[in-house]
Amino acid sequence: MTDANSDELYAVADFCLIPMGTGAVSVAAEIAECQRILSNGYGTNIEGPWSAVSKAIHDCHAAVHAHGAPRIATDIRIGTRVDRETAPGTGNDHKVRRVQEILQQDNAA
């Protein structure tokens, strides 16, 4: 089910941003630029309204370009669901808890 106050999908996205043409072997500085945009404990696994997720990825691209990368390639995987309510901030936490519950059941058996 989608939020009654919005027609926008809630999305969970995993993305891998790859700066190219920087002349450096390490991309740590560019990834730090992106992390400043996200300020998210999950690193490059983000969740929220589709438009906010898309904007965060866009803003990471803009920040890494501003840091000097002439090219960026990004792989993106986005998941959405409408079969139940997904409270903001619970998409990934629920998944992790569910897997932990299953593993605990295995250990108890």
# chains A, B, ... in the order shown; residues from 1 in each chain; ligands from 1

call {"tool": "select_by_dssp", "arguments": {"residues": "chain A", "states": "helix (DSSP H, G or I)", "output": "ChimeraX atom specification"}}
result
/A:28-38,50-66,91-108

call {"tool": "residues_around", "arguments": {"residues": "A:Leu38", "least_positions_apart": "5", "cutoff": "10 Å", "atoms": "only C-alpha atoms", "output": "compact mmCIF listing (two decimals) with N, CA, C and O atoms, in the first residue's frame"}}
result
# COMPACT_ATOMS: atom_id res chain seq x y z
N ALA A 32 34.05 10.04 -0.26
CA ALA A 32 33.79 10.88 0.92
C ALA A 32 32.88 12.04 0.55
O ALA A 32 31.99 12.42 1.32
N GLU A 33 33.06 12.60 -0.65
CA GLU A 33 32.17 13.68 -1.11
C GLU A 33 30.73 13.18 -1.18
O GLU A 33 29.80 13.86 -0.74
N GLY A 43 25.63 3.94 4.10
CA GLY A 43 26.53 4.21 2.98
C GLY A 43 25.77 4.41 1.69
O GLY A 43 25.01 5.35 1.58
N THR A 44 25.96 3.52 0.74
CA THR A 44 25.31 3.71 -0.55
C THR A 44 24.02 2.89 -0.68
O THR A 44 23.56 2.62 -1.77
N ASN A 45 23.45 2.50 0.41
CA ASN A 45 22.14 1.87 0.42
C ASN A 45 21.21 2.88 1.07
O ASN A 45 21.29 3.13 2.27
N ILE A 46 20.36 3.51 0.28
CA ILE A 46 19.53 4.60 0.79
C ILE A 46 18.05 4.28 0.56
O ILE A 46 17.71 3.47 -0.30
N VAL A 53 15.36 9.82 -3.24
CA VAL A 53 16.42 8.86 -3.54
C VAL A 53 17.11 9.27 -4.84
O VAL A 53 18.35 9.32 -4.92
N ALA A 56 19.26 12.34 -4.24
CA ALA A 56 20.49 12.04 -3.50
C ALA A 56 21.56 11.49 -4.44
O ALA A 56 22.73 11.89 -4.36
N ILE A 57 21.16 10.60 -5.35
CA ILE A 57 22.12 10.06 -6.31
C ILE A 57 22.60 11.16 -7.24
O ILE A 57 23.79 11.29 -7.53
N ASP A 59 22.76 14.36 -6.53
CA ASP A 59 23.62 15.26 -5.75
C ASP A 59 25.01 14.65 -5.53
O ASP A 59 26.01 15.37 -5.51
N CYS A 60 25.07 13.32 -5.38
CA CYS A 60 26.38 12.66 -5.28
C CYS A 60 27.17 12.85 -6.57
O CYS A 60 28.36 13.16 -6.54

call {"tool": "residues_around", "arguments": {"residues": "A:Cys34", "least_positions_apart": "3", "cutoff": "7 Å", "atoms": "only C-alpha atoms", "output": "list in words"}}
result
Glu30, Ile31, Ile37, Leu38, Cys60, Ala63 and Val64 of chain A

call {"tool": "write_last_selection", "arguments": {"atoms": "N, CA, C and O atoms", "output": "mmCIF file, in the first residue's frame"}}
result
data_model
loop_
_atom_site.group_PDB
_atom_site.id
_atom_site.type_symbol
_atom_site.label_atom_id
_atom_site.label_comp_id
_atom_site.auth_asym_id
_atom_site.auth_seq_id
_atom_site.Cartn_x
_atom_site.Cartn_y
_atom_site.Cartn_z
ATOM 1 N N GLU A 30 36.592 10.996 -3.455
ATOM 2 C CA GLU A 30 35.334 11.177 -4.178
ATOM 3 C C GLU A 30 34.178 10.503 -3.446
ATOM 4 O O GLU A 30 33.081 11.046 -3.349
ATOM 5 N N ILE A 31 34.434 9.332 -2.902
ATOM 6 C CA ILE A 31 33.391 8.635 -2.148
ATOM 7 C C ILE A 31 33.047 9.413 -0.878
ATOM 8 O O ILE A 31 31.886 9.492 -0.479
ATOM 9 N N ILE A 37 26.989 13.951 1.203
ATOM 10 C CA ILE A 37 25.640 14.188 0.690
ATOM 11 C C ILE A 37 24.642 13.277 1.400
ATOM 12 O O ILE A 37 23.574 13.705 1.822
ATOM 13 N N LEU A 38 25.011 12.024 1.544
ATOM 14 C CA LEU A 38 24.076 11.038 2.092
ATOM 15 C C LEU A 38 23.895 11.157 3.599
ATOM 16 O O LEU A 38 22.781 11.014 4.091
ATOM 17 N N CYS A 60 25.071 13.322 -5.385
ATOM 18 C CA CYS A 60 26.378 12.657 -5.283
ATOM 19 C C CYS A 60 27.165 12.845 -6.573
ATOM 20 O O CYS A 60 28.360 13.157 -6.542
ATOM 21 N N ALA A 63 28.434 16.439 -6.708
ATOM 22 C CA ALA A 63 29.520 16.692 -5.762
ATOM 23 C C ALA A 63 30.830 16.069 -6.234
ATOM 24 O O ALA A 63 31.895 16.681 -6.120
ATOM 25 N N VAL A 64 30.758 14.851 -6.778
ATOM 26 C CA VAL A 64 31.979 14.184 -7.241
ATOM 27 C C VAL A 64 32.512 14.863 -8.505
ATOM 28 O O VAL A 64 33.724 15.019 -8.664
#

call {"tool": "closest_residue", "arguments": {"among": "A:His67, A:His94, A:Glu85, A:Thr80", "to": "A:Gly21", "atoms": "only C-alpha atoms"}}
result
A:His67

call {"tool": "residues_around", "arguments": {"residues": "A:Thr74", "least_positions_apart": "6", "cutoff": "7 Å", "atoms": "only C-alpha atoms", "output": "ChimeraX atom specification"}}
result
/A:15-18

call {"tool": "write_last_selection", "arguments": {"atoms": "N, CA and C atoms", "output": "PDB file, in the first residue's frame"}}
result
ATOM      1  N   PHE A  15      23.343   1.778  -4.711  1.00  0.00           N
ATOM      2  CA  PHE A  15      24.056   2.259  -5.882  1.00  0.00           C
ATOM      3  C   PHE A  15      25.550   2.267  -5.643  1.00  0.00           C
ATOM      4  N   CYS A  16      26.255   2.082  -6.734  1.00  0.00           N
ATOM      5  CA  CYS A  16      27.708   2.062  -6.721  1.00  0.00           C
ATOM      6  C   CYS A  16      28.185   3.139  -7.682  1.00  0.00           C
ATOM      7  N   LEU A  17      28.756   4.193  -7.144  1.00  0.00           N
ATOM      8  CA  LEU A  17      29.234   5.317  -7.933  1.00  0.00           C
ATOM      9  C   LEU A  17      30.719   5.110  -8.224  1.00  0.00           C
ATOM     10  N   ILE A  18      31.088   5.181  -9.493  1.00  0.00           N
ATOM     11  CA  ILE A  18      32.461   4.909  -9.911  1.00  0.00           C
ATOM     12  C   ILE A  18      33.026   6.126 -10.627  1.00  0.00           C
TER      13      ILE A  18
END

call {"tool": "atom_distance", "arguments": {"atom1": "atom CA of A:Gln35", "atom2": "atom CA of A:Trp50"}}
result
18.9 Å

call {"tool": "select_by_dssp", "arguments": {"residues": "chain A", "states": "strand (DSSP E)", "output": "JSON, numbers by chain"}}
result
{"A": [10, 11, 12, 13, 14, 15, 16, 17, 18, 19, 20, 45, 46, 47, 48, 49, 71, 72, 73, 74, 75, 76, 77, 78, 79, 80]}

call {"tool": "write_last_selection", "arguments": {"atoms": "N, CA and C atoms", "output": "PDB file, in the first residue's frame"}}
result
ATOM      1  N   TYR A  10       7.748   4.653  -2.264  1.00  0.00           N
ATOM      2  CA  TYR A  10       8.844   4.598  -1.310  1.00  0.00           C
ATOM      3  C   TYR A  10       9.859   3.632  -1.901  1.00  0.00           C
ATOM      4  N   ALA A  11      11.114   4.054  -1.981  1.00  0.00           N
ATOM      5  CA  ALA A  11      12.130   3.264  -2.668  1.00  0.00           C
ATOM      6  C   ALA A  11      13.309   2.953  -1.761  1.00  0.00           C
ATOM      7  N   VAL A  12      13.879   1.783  -1.975  1.00  0.00           N
ATOM      8  CA  VAL A  12      15.142   1.402  -1.354  1.00  0.00           C
ATOM      9  C   VAL A  12      16.113   1.216  -2.516  1.00  0.00           C
ATOM     10  N   ALA A  13      17.212   1.961  -2.495  1.00  0.00           N
ATOM     11  CA  ALA A  13      18.160   1.920  -3.601  1.00  0.00           C
ATOM     12  C   ALA A  13      19.557   1.567  -3.110  1.00  0.00           C
ATOM     13  N   ASP A  14      20.208   0.742  -3.883  1.00  0.00           N
ATOM     14  CA  ASP A  14      21.608   0.429  -3.670  1.00  0.00           C
ATOM     15  C   ASP A  14      22.323   0.950  -4.899  1.00  0.00           C
ATOM     16  N   PHE A  15      23.343   1.778  -4.711  1.00  0.00           N
ATOM     17  CA  PHE A  15      24.056   2.259  -5.882  1.00  0.00           C
ATOM     18  C   PHE A  15      25.550   2.267  -5.643  1.00  0.00           C
ATOM     19  N   CYS A  16      26.255   2.082  -6.734  1.00  0.00           N
ATOM     20  CA  CYS A  16      27.708   2.062  -6.721  1.00  0.00           C
ATOM     21  C   CYS A  16      28.185   3.139  -7.682  1.00  0.00           C
ATOM     22  N   LEU A  17      28.756   4.193  -7.144  1.00  0.00           N
ATOM     23  CA  LEU A  17      29.234   5.317  -7.933  1.00  0.00           C
ATOM     24  C   LEU A  17      30.719   5.110  -8.224  1.00  0.00           C
ATOM     25  N   ILE A  18      31.088   5.181  -9.493  1.00  0.00           N
ATOM     26  CA  ILE A  18      32.461   4.909  -9.911  1.00  0.00           C
ATOM     27  C   ILE A  18      33.026   6.126 -10.627  1.00  0.00           C
ATOM     28  N   PRO A  19      33.862   6.936  -9.928  1.00  0.00           N
ATOM     29  CA  PRO A  19      34.493   8.083 -10.591  1.00  0.00           C
ATOM     30  C   PRO A  19      35.561   7.603 -11.573  1.00  0.00           C
ATOM     31  N   MET A  20      35.642   8.245 -12.724  1.00  0.00           N
ATOM     32  CA  MET A  20      36.641   7.874 -13.726  1.00  0.00           C
ATOM     33  C   MET A  20      37.387   9.120 -14.189  1.00  0.00           C
ATOM     34  N   ASN A  45      23.449   2.503   0.414  1.00  0.00           N
ATOM     35  CA  ASN A  45      22.139   1.873   0.420  1.00  0.00           C
ATOM     36  C   ASN A  45      21.211   2.882   1.075  1.00  0.00           C
ATOM     37  N   ILE A  46      20.361   3.512   0.282  1.00  0.00           N
ATOM     38  CA  ILE A  46      19.528   4.598   0.785  1.00  0.00           C
ATOM     39  C   ILE A  46      18.054   4.283   0.555  1.00  0.00           C
ATOM     40  N   GLU A  47      17.210   4.929   1.325  1.00  0.00           N
ATOM     41  CA  GLU A  47      15.784   4.718   1.174  1.00  0.00           C
ATOM     42  C   GLU A  47      15.029   5.998   1.430  1.00  0.00           C
ATOM     43  N   GLY A  48      13.837   6.076   0.856  1.00  0.00           N
ATOM     44  CA  GLY A  48      12.983   7.239   1.022  1.00  0.00           C
ATOM     45  C   GLY A  48      12.055   7.368  -0.164  1.00  0.00           C
ATOM     46  N   PRO A  49      11.372   8.484  -0.269  1.00  0.00           N
ATOM     47  CA  PRO A  49      10.529   8.709  -1.450  1.00  0.00           C
ATOM     48  C   PRO A  49      11.389   8.657  -2.720  1.00  0.00           C
ATOM     49  N   ARG A  71      34.242  12.046 -15.368  1.00  0.00           N
ATOM     50  CA  ARG A  71      33.240  11.039 -15.732  1.00  0.00           C
ATOM     51  C   ARG A  71      32.863  10.230 -14.503  1.00  0.00           C
ATOM     52  N   ILE A  72      31.617   9.792 -14.488  1.00  0.00           N
ATOM     53  CA  ILE A  72      31.131   8.928 -13.412  1.00  0.00           C
ATOM     54  C   ILE A  72      30.218   7.878 -14.031  1.00  0.00           C
ATOM     55  N   ALA A  73      30.419   6.647 -13.632  1.00  0.00           N
ATOM     56  CA  ALA A  73      29.501   5.568 -14.000  1.00  0.00           C
ATOM     57  C   ALA A  73      28.850   5.093 -12.707  1.00  0.00           C
ATOM     58  N   THR A  74      27.560   4.869 -12.749  1.00  0.00           N
ATOM     59  CA  THR A  74      26.849   4.431 -11.554  1.00  0.00           C
ATOM     60  C   THR A  74      25.932   3.267 -11.884  1.00  0.00           C
ATOM     61  N   ASP A  75      26.042   2.222 -11.081  1.00  0.00           N
ATOM     62  CA  ASP A  75      25.103   1.106 -11.148  1.00  0.00           C
ATOM     63  C   ASP A  75      24.072   1.339 -10.059  1.00  0.00           C
ATOM     64  N   ILE A  76      22.794   1.215 -10.422  1.00  0.00           N
ATOM     65  CA  ILE A  76      21.712   1.469  -9.462  1.00  0.00           C
ATOM     66  C   ILE A  76      20.739   0.299  -9.478  1.00  0.00           C
ATOM     67  N   ARG A  77      20.370  -0.140  -8.278  1.00  0.00           N
ATOM     68  CA  ARG A  77      19.326  -1.150  -8.112  1.00  0.00           C
ATOM     69  C   ARG A  77      18.295  -0.531  -7.172  1.00  0.00           C
ATOM     70  N   ILE A  78      17.040  -0.436  -7.622  1.00  0.00           N
ATOM     71  CA  ILE A  78      15.988   0.193  -6.824  1.00  0.00           C
ATOM     72  C   ILE A  78      14.850  -0.804  -6.624  1.00  0.00           C
ATOM     73  N   GLY A  79      14.407  -0.909  -5.390  1.00  0.00           N
ATOM     74  CA  GLY A  79      13.268  -1.757  -5.078  1.00  0.00           C
ATOM     75  C   GLY A  79      12.144  -0.926  -4.484  1.00  0.00           C
ATOM     76  N   THR A  80      10.933  -1.271  -4.840  1.00  0.00           N
ATOM     77  CA  THR A  80       9.750  -0.646  -4.257  1.00  0.00           C
ATOM     78  C   THR A  80       8.756  -1.752  -3.922  1.00  0.00           C
TER      79      THR A  80
END
